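*Asks:* Encoded as structure tokens, here's the structure I'll be asking about.
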Amino acid sequence: MQTYQFLMTIPITELVTYIDDDSDEYVEDPVFMDLRKALDIDIPVTTIYERYLDAPVHSGDVLMYASRSHGDHFVVLDTYRDPVDQLDLIRIGFGCTKEKVAVVRQLVRQLYDRSDTFIHYEEGQYILQKLIDNTAYPKTIEHYGNVFRQRLKTYSQPV
């Protein structure tokens with residue numbers, strides 16, 4: 001079955017919500033949670049967020065999470081930390097069937113449109129192919145003589 005796909009670049013901070021301005025406590029963002037639930041996918045968002053912030057620059061793998069109930073639904077996060085990025089940007093993609101496109105598009109647009117940083121938004125078919133192509137990994141990323149080998153880590157969930 002063909003999937004409809006969405007890809008955007010946003011700060012990783014869009015995936016969490018801080019409880020209040022005076023606290024360091026945060027939870028998964030409600031819009032991202034709704035999006036994840038619409039696709040029936042479990043993602044340890046706060047763990048990914050913490051690992052991203054703790055990871056050194058010039059590191060970070062591509063993480064792909066598959067749906068529990070539908071093989072054509074997935075979320076992919078490119079957590080590579082570019083050494084010159086000061087906004088903590090990630091690329092995040094969503095794949096769904098045509099039955100879910102309206103709901104997913106509305107939530108993806110909501111997540112992207114409220115961001116303070118508009119870098120990239122795209123939707124269509126096959127736009128995530130390079131990102132999720134297993135044969136493209138490990139991918140070599142060079143920065144001023146330093147080499148990083150990015151991996152694609154796939155997490156599938158039991159039905």
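Residue names in the structure tokens use chain letters A, B, ... in the order shown, residue numbers from 1 in each chain, and ligand numbers from 1 in the order shown.
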With the cut-off set at 10 Å and counting only C-alpha atoms, tabulate each residue of stretch 70-142 of chain A with an atom at most that distance from an atom of stretch 36-60 of chain A, showing the nearest atom pair and its distance in Å to one decimal, ordered by chain and increasing number, as a tab-separated table.

*Replies:*
```
residue	atom	partner	partner_atom	distance
A:His70	CA	A:Asp40	CA	7.7
A:Asp72	CA	A:Leu39	CA	9.3
A:His73	CA	A:Leu39	CA	5.9
A:Phe74	CA	A:Leu39	CA	7.1
A:Val75	CA	A:Ile41	CA	7.8
A:Leu77	CA	A:Ile48	CA	9.5
A:Asp78	CA	A:Gly60	CA	7.3
A:Thr79	CA	A:Gly60	CA	4.8
A:Tyr80	CA	A:Gly60	CA	3.9
A:Arg81	CA	A:Val57	CA	4.9
A:Asp82	CA	A:His58	CA	5.4
A:Pro83	CA	A:Val57	CA	5.2
A:Val84	CA	A:Val57	CA	8.7
A:Asp85	CA	A:Val57	CA	8.9
A:Asp88	CA	A:Leu53	CA	8.2
A:Ile90	CA	A:Tyr52	CA	9.6
A:Phe94	CA	A:Leu39	CA	8.9
A:Gly95	CA	A:Leu39	CA	8.6
A:Cys96	CA	A:Leu39	CA	7.2
A:Thr97	CA	A:Leu39	CA	9.5
A:Lys100	CA	A:Ala38	CA	7.8
A:Val103	CA	A:Ala38	CA	7.5
A:Val104	CA	A:Ala38	CA	7.2
A:Leu107	CA	A:Ala38	CA	9.3
A:Ile141	CA	A:His58	CA	8.2
A:Glu142	CA	A:His58	CA	8.6
```

*Asks:* Between A:Ala66, A:Met8, A:Leu89, A:Leu111, which residue has the minimum interatomic distance to A:Asp29, considering only C-alpha atoms?

*Replies:*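 Of all the options, A:Leu111 lies closest to A:Asp29.
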
*Asks:* Record the distance separating atom CA of A:Met33 and atom CA of A:Gly71, expressed in Å with one decimal.

*Replies:*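 Pair atom CA of A:Met33 / atom CA of A:Gly71 returns 19.2 Å.
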
*Asks:* Can you list every residue in chain A that DSSP puts in strand (DSSP E), as a VMD selection string?

*Replies:* chain A and resid 4 to 11 16 to 18 26 to 28 62 to 66 74 to 78 89 to 96 120 to 124 139 to 143 146 to 150 152 to 155

*Asks:* Output C-alpha atoms for every residue in that selection, as a PDB file, in the first residue's frame.

*Replies:*
```pdb
ATOM      1  CA  TYR A   4       1.338   9.622   2.224  1.00  0.00           C
ATOM      2  CA  GLN A   5       4.296  11.291   3.864  1.00  0.00           C
ATOM      3  CA  PHE A   6       5.099  14.503   5.719  1.00  0.00           C
ATOM      4  CA  LEU A   7       8.550  15.917   6.470  1.00  0.00           C
ATOM      5  CA  MET A   8       9.470  18.976   8.475  1.00  0.00           C
ATOM      6  CA  THR A   9      12.412  20.537  10.238  1.00  0.00           C
ATOM      7  CA  ILE A  10      11.617  21.916  13.679  1.00  0.00           C
ATOM      8  CA  PRO A  11      13.424  22.510  16.984  1.00  0.00           C
ATOM      9  CA  VAL A  16       7.821  18.643  24.677  1.00  0.00           C
ATOM     10  CA  THR A  17       5.924  21.158  26.777  1.00  0.00           C
ATOM     11  CA  TYR A  18       7.324  22.692  29.928  1.00  0.00           C
ATOM     12  CA  TYR A  26       8.389  18.892  30.936  1.00  0.00           C
ATOM     13  CA  VAL A  27       6.026  16.384  29.375  1.00  0.00           C
ATOM     14  CA  GLU A  28       5.295  15.200  25.875  1.00  0.00           C
ATOM     15  CA  VAL A  62      17.822   8.334  12.540  1.00  0.00           C
ATOM     16  CA  LEU A  63      15.105   6.709  14.658  1.00  0.00           C
ATOM     17  CA  MET A  64      12.147   5.044  12.954  1.00  0.00           C
ATOM     18  CA  TYR A  65       9.090   3.901  14.896  1.00  0.00           C
ATOM     19  CA  ALA A  66       6.443   1.676  13.329  1.00  0.00           C
ATOM     20  CA  PHE A  74       5.457   5.296  10.975  1.00  0.00           C
ATOM     21  CA  VAL A  75       7.356   8.216  12.493  1.00  0.00           C
ATOM     22  CA  VAL A  76      10.998   8.926  11.699  1.00  0.00           C
ATOM     23  CA  LEU A  77      13.270  11.356  13.573  1.00  0.00           C
ATOM     24  CA  ASP A  78      16.673  12.456  12.313  1.00  0.00           C
ATOM     25  CA  LEU A  89      16.774  21.307  14.878  1.00  0.00           C
ATOM     26  CA  ILE A  90      15.613  17.824  13.945  1.00  0.00           C
ATOM     27  CA  ARG A  91      13.976  16.485  10.832  1.00  0.00           C
ATOM     28  CA  ILE A  92      10.821  14.563  11.597  1.00  0.00           C
ATOM     29  CA  GLY A  93       8.683  12.610   9.180  1.00  0.00           C
ATOM     30  CA  PHE A  94       5.351  10.838   9.322  1.00  0.00           C
ATOM     31  CA  GLY A  95       3.946   8.160   7.052  1.00  0.00           C
ATOM     32  CA  CYS A  96       0.283   7.179   6.902  1.00  0.00           C
ATOM     33  CA  HIS A 120      11.209  23.216   5.986  1.00  0.00           C
ATOM     34  CA  TYR A 121       7.812  21.606   5.420  1.00  0.00           C
ATOM     35  CA  GLU A 122       6.960  19.109   2.704  1.00  0.00           C
ATOM     36  CA  GLU A 123       4.296  16.526   2.037  1.00  0.00           C
ATOM     37  CA  GLY A 124       3.664  13.973  -0.676  1.00  0.00           C
ATOM     38  CA  LYS A 139      25.714   7.226   6.342  1.00  0.00           C
ATOM     39  CA  THR A 140      28.986   9.134   6.531  1.00  0.00           C
ATOM     40  CA  ILE A 141      28.744  12.739   7.682  1.00  0.00           C
ATOM     41  CA  GLU A 142      31.940  14.791   7.635  1.00  0.00           C
ATOM     42  CA  HIS A 143      32.554  18.116   9.326  1.00  0.00           C
ATOM     43  CA  ASN A 146      35.677  14.772  11.675  1.00  0.00           C
ATOM     44  CA  VAL A 147      33.673  11.767  10.493  1.00  0.00           C
ATOM     45  CA  PHE A 148      30.424  10.472  11.989  1.00  0.00           C
ATOM     46  CA  ARG A 149      28.637   7.339  10.827  1.00  0.00           C
ATOM     47  CA  GLN A 150      24.925   7.823  11.272  1.00  0.00           C
ATOM     48  CA  LEU A 152      19.115   4.006  11.037  1.00  0.00           C
ATOM     49  CA  LYS A 153      17.533   2.419  14.109  1.00  0.00           C
ATOM     50  CA  THR A 154      14.134   0.826  13.515  1.00  0.00           C
ATOM     51  CA  TYR A 155      11.711   0.096  16.325  1.00  0.00           C
TER      52      TYR A 155
END
```

*Asks:* What is the distance between atom CA of A:Tyr144 and atom CA of A:Asp61, in Å to one decimal?

*Replies:*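 Separation of atom CA of A:Tyr144 and atom CA of A:Asp61: 19.4 Å.
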
*Asks:* Considering only alpha helix (DSSP H) as DSSP defines it on the backbone, what residues of chain A qualify? List them as a PyMOL selection string.

*Replies:* chain A and resi 30-38+45-54+101-113+129-132

*Asks:* Quick one: write out the picked residues with C-alpha atoms as an mmCIF file, in the first residue's frame?

*Replies:*
```
data_model
loop_
_atom_site.group_PDB
_atom_site.id
_atom_site.type_symbol
_atom_site.label_atom_id
_atom_site.label_comp_id
_atom_site.auth_asym_id
_atom_site.auth_seq_id
_atom_site.Cartn_x
_atom_site.Cartn_y
_atom_site.Cartn_z
ATOM 1 C CA PRO A 30 -0.143 17.303 23.519
ATOM 2 C CA VAL A 31 -0.242 17.872 19.732
ATOM 3 C CA PHE A 32 2.624 15.429 19.184
ATOM 4 C CA MET A 33 0.891 12.961 21.505
ATOM 5 C CA ASP A 34 -2.344 13.241 19.465
ATOM 6 C CA LEU A 35 -0.356 12.705 16.280
ATOM 7 C CA ARG A 36 1.391 9.663 17.708
ATOM 8 C CA LYS A 37 -1.910 8.223 18.937
ATOM 9 C CA ALA A 38 -3.605 8.806 15.562
ATOM 10 C CA VAL A 45 9.594 11.292 23.454
ATOM 11 C CA THR A 46 11.041 12.608 26.700
ATOM 12 C CA THR A 47 13.878 10.042 26.558
ATOM 13 C CA ILE A 48 14.704 11.046 22.970
ATOM 14 C CA TYR A 49 14.622 14.716 24.005
ATOM 15 C CA GLU A 50 16.975 14.136 26.944
ATOM 16 C CA ARG A 51 19.397 12.025 24.901
ATOM 17 C CA TYR A 52 19.441 14.624 22.135
ATOM 18 C CA LEU A 53 20.359 17.421 24.545
ATOM 19 C CA ASP A 54 22.997 15.250 26.258
ATOM 20 C CA VAL A 101 -4.173 11.802 5.782
ATOM 21 C CA ALA A 102 -6.721 14.440 6.865
ATOM 22 C CA VAL A 103 -6.179 13.876 10.596
ATOM 23 C CA VAL A 104 -2.392 13.569 10.305
ATOM 24 C CA ARG A 105 -2.070 16.635 8.048
ATOM 25 C CA GLN A 106 -4.069 18.780 10.474
ATOM 26 C CA LEU A 107 -1.882 17.731 13.430
ATOM 27 C CA VAL A 108 1.413 17.966 11.521
ATOM 28 C CA ARG A 109 0.508 21.471 10.301
ATOM 29 C CA GLN A 110 -0.460 22.471 13.835
ATOM 30 C CA LEU A 111 2.905 21.253 15.149
ATOM 31 C CA TYR A 112 4.824 23.047 12.388
ATOM 32 C CA ASP A 113 2.797 26.278 12.162
ATOM 33 C CA GLN A 129 12.563 7.406 0.951
ATOM 34 C CA LYS A 130 16.167 8.649 1.293
ATOM 35 C CA LEU A 131 15.746 9.049 5.033
ATOM 36 C CA ILE A 132 14.309 5.558 5.630
#
```

*Asks:* Would you mind reading off the distance between atom CA of A:Tyr126 and atom CA of A:Arg114, one decimal, in Å?

*Replies:* 25.5 Å

*Asks:* Name the closest residue to A:Asp133 among the candidates A:Gly145, A:Phe118, A:Arg151, A:Leu15; distances are taken between atoms, counting only C-alpha atoms.

*Replies:*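 Among A:Gly145, A:Phe118, A:Arg151, A:Leu15, it is A:Arg151 that comes nearest to A:Asp133.
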